[in-house]
$ cat target.cif   # mmCIF, N, CA and C atoms
data_protein
#
loop_
_atom_site.group_PDB
_atom_site.id
_atom_site.type_symbol
_atom_site.label_atom_id
_atom_site.label_comp_id
_atom_site.auth_asym_id
_atom_site.auth_seq_id
_atom_site.Cartn_x
_atom_site.Cartn_y
_atom_site.Cartn_z
ATOM 1 N N MET A 292 -19.856 -25.992 13.982
ATOM 2 C CA MET A 292 -20.636 -26.319 12.810
ATOM 3 C C MET A 292 -21.870 -25.430 12.712
ATOM 4 N N ILE A 293 -22.458 -25.091 13.853
ATOM 5 C CA ILE A 293 -23.666 -24.272 13.854
ATOM 6 C C ILE A 293 -23.345 -22.863 13.343
ATOM 7 N N ALA A 294 -22.183 -22.326 13.711
ATOM 8 C CA ALA A 294 -21.803 -20.988 13.268
ATOM 9 C C ALA A 294 -21.702 -20.935 11.742
ATOM 10 N N ALA A 295 -21.162 -21.971 11.135
ATOM 11 C CA ALA A 295 -21.051 -22.011 9.669
ATOM 12 C C ALA A 295 -22.435 -22.038 9.028
ATOM 13 N N GLU A 296 -23.360 -22.762 9.610
ATOM 14 C CA GLU A 296 -24.717 -22.820 9.072
ATOM 15 C C GLU A 296 -25.413 -21.463 9.193
ATOM 16 N N GLU A 297 -25.180 -20.773 10.310
ATOM 17 C CA GLU A 297 -25.767 -19.447 10.495
ATOM 18 C C GLU A 297 -25.203 -18.456 9.473
ATOM 19 N N ARG A 298 -23.895 -18.530 9.219
ATOM 20 C CA ARG A 298 -23.285 -17.652 8.220
ATOM 21 C C ARG A 298 -23.850 -17.915 6.836
ATOM 22 N N ARG A 299 -24.007 -19.187 6.511
ATOM 23 C CA ARG A 299 -24.565 -19.533 5.199
ATOM 24 C C ARG A 299 -25.992 -19.027 5.056
ATOM 25 N N ALA A 300 -26.755 -19.056 6.140
ATOM 26 C CA ALA A 300 -28.141 -18.588 6.090
ATOM 27 C C ALA A 300 -28.204 -17.083 5.818
ATOM 28 N N ARG A 301 -27.176 -16.329 6.246
ATOM 29 C CA ARG A 301 -27.154 -14.882 6.029
ATOM 30 C C ARG A 301 -26.519 -14.498 4.706
ATOM 31 N N MET A 302 -25.820 -15.412 4.058
ATOM 32 C CA MET A 302 -25.118 -15.088 2.811
ATOM 33 C C MET A 302 -26.084 -14.865 1.668
ATOM 34 N N GLN A 303 -25.644 -14.015 0.782
ATOM 35 C CA GLN A 303 -26.422 -13.723 -0.413
ATOM 36 C C GLN A 303 -25.462 -13.811 -1.595
ATOM 37 N N VAL A 304 -25.761 -14.669 -2.546
ATOM 38 C CA VAL A 304 -24.882 -14.875 -3.694
ATOM 39 C C VAL A 304 -25.635 -14.515 -4.961
ATOM 40 N N ARG A 305 -24.986 -13.691 -5.781
ATOM 41 C CA ARG A 305 -25.568 -13.323 -7.075
ATOM 42 C C ARG A 305 -24.504 -13.491 -8.141
ATOM 43 N N VAL A 306 -24.914 -13.953 -9.294
ATOM 44 C CA VAL A 306 -24.013 -14.106 -10.428
ATOM 45 C C VAL A 306 -24.389 -13.050 -11.460
ATOM 46 N N TYR A 307 -23.399 -12.251 -11.830
ATOM 47 C CA TYR A 307 -23.613 -11.213 -12.830
ATOM 48 C C TYR A 307 -22.896 -11.610 -14.109
ATOM 49 N N ARG A 308 -23.605 -11.558 -15.194
ATOM 50 C CA ARG A 308 -23.015 -11.916 -16.484
ATOM 51 C C ARG A 308 -22.168 -10.790 -17.055
ATOM 52 N N THR A 309 -22.496 -9.544 -16.671
ATOM 53 C CA THR A 309 -21.745 -8.408 -17.175
ATOM 54 C C THR A 309 -21.436 -7.448 -16.033
ATOM 55 N N LEU A 310 -20.420 -6.637 -16.233
ATOM 56 C CA LEU A 310 -20.073 -5.623 -15.246
ATOM 57 C C LEU A 310 -21.173 -4.570 -15.147
ATOM 58 N N ALA A 311 -21.828 -4.280 -16.250
ATOM 59 C CA ALA A 311 -22.916 -3.302 -16.238
ATOM 60 C C ALA A 311 -24.071 -3.764 -15.347
ATOM 61 N N ALA A 312 -24.369 -5.042 -15.368
ATOM 62 C CA ALA A 312 -25.437 -5.576 -14.509
ATOM 63 C C ALA A 312 -25.063 -5.424 -13.042
ATOM 64 N N HIS A 313 -23.810 -5.671 -12.739
ATOM 65 C CA HIS A 313 -23.340 -5.501 -11.358
ATOM 66 C C HIS A 313 -23.422 -4.037 -10.948
ATOM 67 N N ASP A 314 -22.995 -3.155 -11.831
ATOM 68 C CA ASP A 314 -23.008 -1.730 -11.531
ATOM 69 C C ASP A 314 -24.413 -1.202 -11.293
ATOM 70 N N ARG A 315 -25.413 -1.806 -11.911
ATOM 71 C CA ARG A 315 -26.803 -1.396 -11.672
ATOM 72 C C ARG A 315 -27.261 -1.795 -10.271
ATOM 73 N N ASP A 316 -26.850 -2.956 -9.785
ATOM 74 C CA ASP A 316 -27.314 -3.452 -8.486
ATOM 75 C C ASP A 316 -26.481 -2.961 -7.303
ATOM 76 N N ASP A 317 -25.261 -2.530 -7.534
ATOM 77 C CA ASP A 317 -24.367 -2.169 -6.436
ATOM 78 C C ASP A 317 -24.901 -1.033 -5.562
ATOM 79 N N PRO A 318 -25.356 0.086 -6.134
ATOM 80 C CA PRO A 318 -25.883 1.160 -5.267
ATOM 81 C C PRO A 318 -27.091 0.716 -4.445
ATOM 82 N N ALA A 319 -27.943 -0.108 -5.005
ATOM 83 C CA ALA A 319 -29.125 -0.578 -4.263
ATOM 84 C C ALA A 319 -28.708 -1.425 -3.067
ATOM 85 N N TYR A 320 -27.659 -2.232 -3.241
ATOM 86 C CA TYR A 320 -27.166 -3.056 -2.133
ATOM 87 C C TYR A 320 -26.712 -2.169 -0.974
ATOM 88 N N TRP A 321 -25.901 -1.155 -1.287
ATOM 89 C CA TRP A 321 -25.371 -0.299 -0.226
ATOM 90 C C TRP A 321 -26.463 0.547 0.409
ATOM 91 N N LEU A 322 -27.442 0.994 -0.360
ATOM 92 C CA LEU A 322 -28.525 1.785 0.215
ATOM 93 C C LEU A 322 -29.445 0.948 1.095
ATOM 94 N N ALA A 323 -29.479 -0.365 0.861
ATOM 95 C CA ALA A 323 -30.322 -1.242 1.681
ATOM 96 C C ALA A 323 -29.734 -1.464 3.069
ATOM 97 N N LEU A 324 -28.435 -1.238 3.225
ATOM 98 C CA LEU A 324 -27.795 -1.420 4.532
ATOM 99 C C LEU A 324 -28.091 -0.217 5.427
ATOM 100 N N PRO A 325 -28.222 -0.448 6.738
ATOM 101 C CA PRO A 325 -28.368 0.686 7.650
ATOM 102 C C PRO A 325 -27.093 1.543 7.626
ATOM 103 N N VAL A 326 -27.238 2.811 7.962
ATOM 104 C CA VAL A 326 -26.106 3.733 7.910
ATOM 105 C C VAL A 326 -24.952 3.249 8.787
ATOM 106 N N ALA A 327 -25.244 2.765 9.976
ATOM 107 C CA ALA A 327 -24.185 2.297 10.879
ATOM 108 C C ALA A 327 -23.393 1.152 10.252
ATOM 109 N N GLN A 328 -24.077 0.263 9.565
ATOM 110 C CA GLN A 328 -23.408 -0.865 8.914
ATOM 111 C C GLN A 328 -22.533 -0.380 7.755
ATOM 112 N N ARG A 329 -23.025 0.613 7.012
ATOM 113 C CA ARG A 329 -22.220 1.161 5.908
ATOM 114 C C ARG A 329 -20.952 1.820 6.425
ATOM 115 N N VAL A 330 -21.077 2.569 7.514
ATOM 116 C CA VAL A 330 -19.909 3.230 8.098
ATOM 117 C C VAL A 330 -18.901 2.192 8.567
ATOM 118 N N LEU A 331 -19.375 1.127 9.187
ATOM 119 C CA LEU A 331 -18.476 0.069 9.642
ATOM 120 C C LEU A 331 -17.752 -0.578 8.465
ATOM 121 N N GLN A 332 -18.442 -0.820 7.383
ATOM 122 C CA GLN A 332 -17.814 -1.421 6.206
ATOM 123 C C GLN A 332 -16.764 -0.486 5.602
ATOM 124 N N VAL A 333 -17.060 0.810 5.558
ATOM 125 C CA VAL A 333 -16.086 1.777 5.041
ATOM 126 C C VAL A 333 -14.854 1.791 5.928
ATOM 127 N N TRP A 334 -15.055 1.727 7.248
ATOM 128 C CA TRP A 334 -13.917 1.707 8.167
ATOM 129 C C TRP A 334 -13.053 0.467 7.928
ATOM 130 N N LYS A 335 -13.683 -0.684 7.779
ATOM 131 C CA LYS A 335 -12.922 -1.920 7.548
ATOM 132 C C LYS A 335 -12.132 -1.857 6.240
ATOM 133 N N LEU A 336 -12.758 -1.332 5.190
ATOM 134 C CA LEU A 336 -12.060 -1.202 3.912
ATOM 135 C C LEU A 336 -10.897 -0.213 4.010
ATOM 136 N N SER A 337 -11.108 0.892 4.705
ATOM 137 C CA SER A 337 -10.050 1.888 4.866
ATOM 138 C C SER A 337 -8.880 1.322 5.661
ATOM 139 N N GLU A 338 -9.199 0.621 6.734
ATOM 140 C CA GLU A 338 -8.150 0.011 7.556
ATOM 141 C C GLU A 338 -7.363 -1.018 6.754
ATOM 142 N N ALA A 339 -8.040 -1.828 5.982
ATOM 143 C CA ALA A 339 -7.349 -2.837 5.163
ATOM 144 C C ALA A 339 -6.441 -2.165 4.138
ATOM 145 N N GLN A 340 -6.915 -1.073 3.538
ATOM 146 C CA GLN A 340 -6.099 -0.358 2.557
ATOM 147 C C GLN A 340 -4.848 0.228 3.207
ATOM 148 N N TYR A 341 -4.998 0.846 4.374
ATOM 149 C CA TYR A 341 -3.832 1.402 5.060
ATOM 150 C C TYR A 341 -2.850 0.304 5.461
ATOM 151 N N ARG A 342 -3.363 -0.832 5.912
ATOM 152 C CA ARG A 342 -2.470 -1.932 6.290
ATOM 153 C C ARG A 342 -1.708 -2.472 5.077
ATOM 154 N N LEU A 343 -2.353 -2.522 3.924
ATOM 155 C CA LEU A 343 -1.666 -2.971 2.710
ATOM 156 C C LEU A 343 -0.515 -2.034 2.351
ATOM 157 N N CYS A 344 -0.695 -0.752 2.618
ATOM 158 C CA CYS A 344 0.359 0.232 2.330
ATOM 159 C C CYS A 344 1.395 0.301 3.452
ATOM 160 N N GLY A 345 1.123 -0.379 4.576
ATOM 161 C CA GLY A 345 2.042 -0.340 5.715
ATOM 162 C C GLY A 345 1.971 0.951 6.502
ATOM 163 N N LYS A 346 0.871 1.671 6.406
ATOM 164 C CA LYS A 346 0.753 2.978 7.053
ATOM 165 C C LYS A 346 -0.168 2.993 8.264
ATOM 166 N N PHE A 347 -0.750 1.886 8.633
ATOM 167 C CA PHE A 347 -1.721 1.893 9.717
ATOM 168 C C PHE A 347 -1.023 1.498 11.015
ATOM 169 N N PRO A 348 -0.831 2.440 11.934
ATOM 170 C CA PRO A 348 -0.158 2.093 13.189
ATOM 171 C C PRO A 348 -1.085 1.292 14.101
ATOM 172 N N ASP A 349 -0.506 0.417 14.857
ATOM 173 C CA ASP A 349 -1.280 -0.379 15.813
ATOM 174 C C ASP A 349 -1.250 0.281 17.185
ATOM 175 N N GLU A 350 -1.468 1.570 17.213
ATOM 176 C CA GLU A 350 -1.507 2.296 18.471
ATOM 177 C C GLU A 350 -2.666 3.270 18.421
ATOM 178 N N SER A 351 -3.052 3.735 19.582
ATOM 179 C CA SER A 351 -4.171 4.670 19.625
ATOM 180 C C SER A 351 -3.743 6.007 19.033
ATOM 181 N N GLY A 352 -4.701 6.830 18.713
ATOM 182 C CA GLY A 352 -4.406 8.115 18.101
ATOM 183 C C GLY A 352 -3.806 9.129 19.052
ATOM 184 N N LEU A 353 -3.960 8.925 20.351
ATOM 185 C CA LEU A 353 -3.434 9.870 21.323
ATOM 186 C C LEU A 353 -2.126 9.349 21.912
ATOM 187 N N PRO A 354 -1.050 10.114 21.787
ATOM 188 C CA PRO A 354 0.208 9.661 22.388
ATOM 189 C C PRO A 354 0.129 9.742 23.913
ATOM 190 N N ARG A 355 0.683 8.788 24.579
ATOM 191 C CA ARG A 355 0.632 8.720 26.034
ATOM 192 C C ARG A 355 2.036 8.879 26.646
ATOM 193 N N SER A 356 2.973 9.438 25.893
ATOM 194 C CA SER A 356 4.353 9.507 26.372
ATOM 195 C C SER A 356 4.571 10.625 27.385
ATOM 196 N N THR A 357 3.723 11.629 27.426
ATOM 197 C CA THR A 357 3.892 12.733 28.364
ATOM 198 C C THR A 357 3.332 12.321 29.721
ATOM 199 N N ALA A 358 4.206 12.358 30.724
ATOM 200 C CA ALA A 358 3.795 11.945 32.061
ATOM 201 C C ALA A 358 3.190 13.093 32.847
ATOM 202 N N CYS A 359 3.765 14.289 32.687
ATOM 203 C CA CYS A 359 3.293 15.411 33.486
ATOM 204 C C CYS A 359 3.579 16.697 32.726
ATOM 205 N N VAL A 360 2.685 17.651 32.808
ATOM 206 C CA VAL A 360 2.862 18.949 32.176
ATOM 207 C C VAL A 360 2.911 19.988 33.266
ATOM 208 N N TYR A 361 3.999 20.789 33.307
ATOM 209 C CA TYR A 361 4.133 21.857 34.287
ATOM 210 C C TYR A 361 3.828 23.183 33.622
ATOM 211 N N ARG A 362 2.953 23.954 34.222
ATOM 212 C CA ARG A 362 2.623 25.267 33.696
ATOM 213 C C ARG A 362 3.200 26.318 34.626
ATOM 214 N N PRO A 363 3.833 27.350 34.055
ATOM 215 C CA PRO A 363 4.409 28.414 34.922
ATOM 216 C C PRO A 363 3.334 29.303 35.521
#
$ encode --input "target.cif" --output "structure tokens"
Amino acid sequence: MIAAEERRARMQVRVYRTLAAHDRDDPAYWLALPVAQRVLQVWKLSEAQYRLCGKFPDESGLPRSTACVYRP
């Protein structure tokens, strides 16, 4: 129950009557976030988009199938 109260305390809710009003405030919202937080949000959005397309593998970027490399 405490976690839900903490989340609510951090939430920010705004009602926009028009899309133009939202478009005016959107850049200010993103600029108010620290750079690290913005990068994390972009990563989460990108990952969600790739998963929706079925293209995001659940494996690391480096293949580990090679056991040994012999050089002449």
$ atom_distance --input "target.cif" --atom1 "atom C of Gln303 of chain A" --atom2 "atom CA of Ala323 of chain A"
13.9 Å
$ axis_aligned_box --input "target.cif" --around "segment 323-331 of chain A" --padding-each-side "4 Å" --output "lines of an AutoDock Vina configuration file"
center_x = -24.0
center_y = 1.1
center_z = 5.9
size_x = 20.6
size_y = 13.2
size_z = 18.0
$ select_by_dssp --input "target.cif" --residues "chain A" --states "helix (DSSP H, G or I)" --output "MDAnalysis selection string"
chainID A and resid 293:301 310:323 326:344
$ atom_distance --input "target.cif" --atom1 "atom N of Trp334 of chain A" --atom2 "atom CA of Trp321 of chain A"
12.9 Å
$ residues_around --input "target.cif" --residues "Tyr307 of chain A" --least-positions-apart "6" --cutoff "10 Å" --atoms "only C-alpha atoms" --output "list of chain:residue names"
A:His313, A:Asp314, A:Asp316
